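The structure appears right after this line, and notes come after that.
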Amino acid sequence: MTPASAVTSCGILEELWRVVKSRDEERPTSSYTVKLLEAGLPYIARKVGEEAVEVVVAALSESSDRLVAEAADLLYHLTVLLYARGVEWRRVFEELEARRRGRQGGEAEDRRDRPG
């Protein structure tokens, strides 16, 4: 992925976050996003887990097109979760960039391998 396409990709997720925010503010009755937000954080988190499992299943046993569709579903539900927690995608991107810079600087340690 080139730097230009990376920015565009990040822009898509940021735009999706703004759409979720507008749905929350406008509260259209037919909105799936509103239904998720009204159901609350535990429900949204469960949906993220379900979508993650569907991505795994698609990766292991379904077509690439199905994997792409499931990945899009996961990103949508993750966006709703982030919004519900008040976390913008920008913070996630900053974390990824910080990790990338850390590794380039010779720090190969992965946070997941650290105790506590």
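By order of appearance in the structure tokens: chains A, B, ..., then residues from 1 within every chain, and ligands from 1 in the order shown.
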Which of chain A counts as alpha helix (DSSP H) under DSSP, as number ranges by chain please? A: 3-26, 32-39, 41-61, 64-84, 89-104
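Picture a line from atom CA of A:Val57 to atom CA of A:Leu41; it runs 24.5 Å.
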Tell me which protein, DNA and RNA residues are within 8 Å of stretch 22-27 of chain A, counting only C-alpha atoms, leaving out same-chain ones fewer than 6 positions away, and put them as number ranges by chain. A: 33-34, 37
Rounded to one decimal in Å, what is the spacing between atom CA of A:Arg91 and atom CA of A:Ala59? 27.3 Å
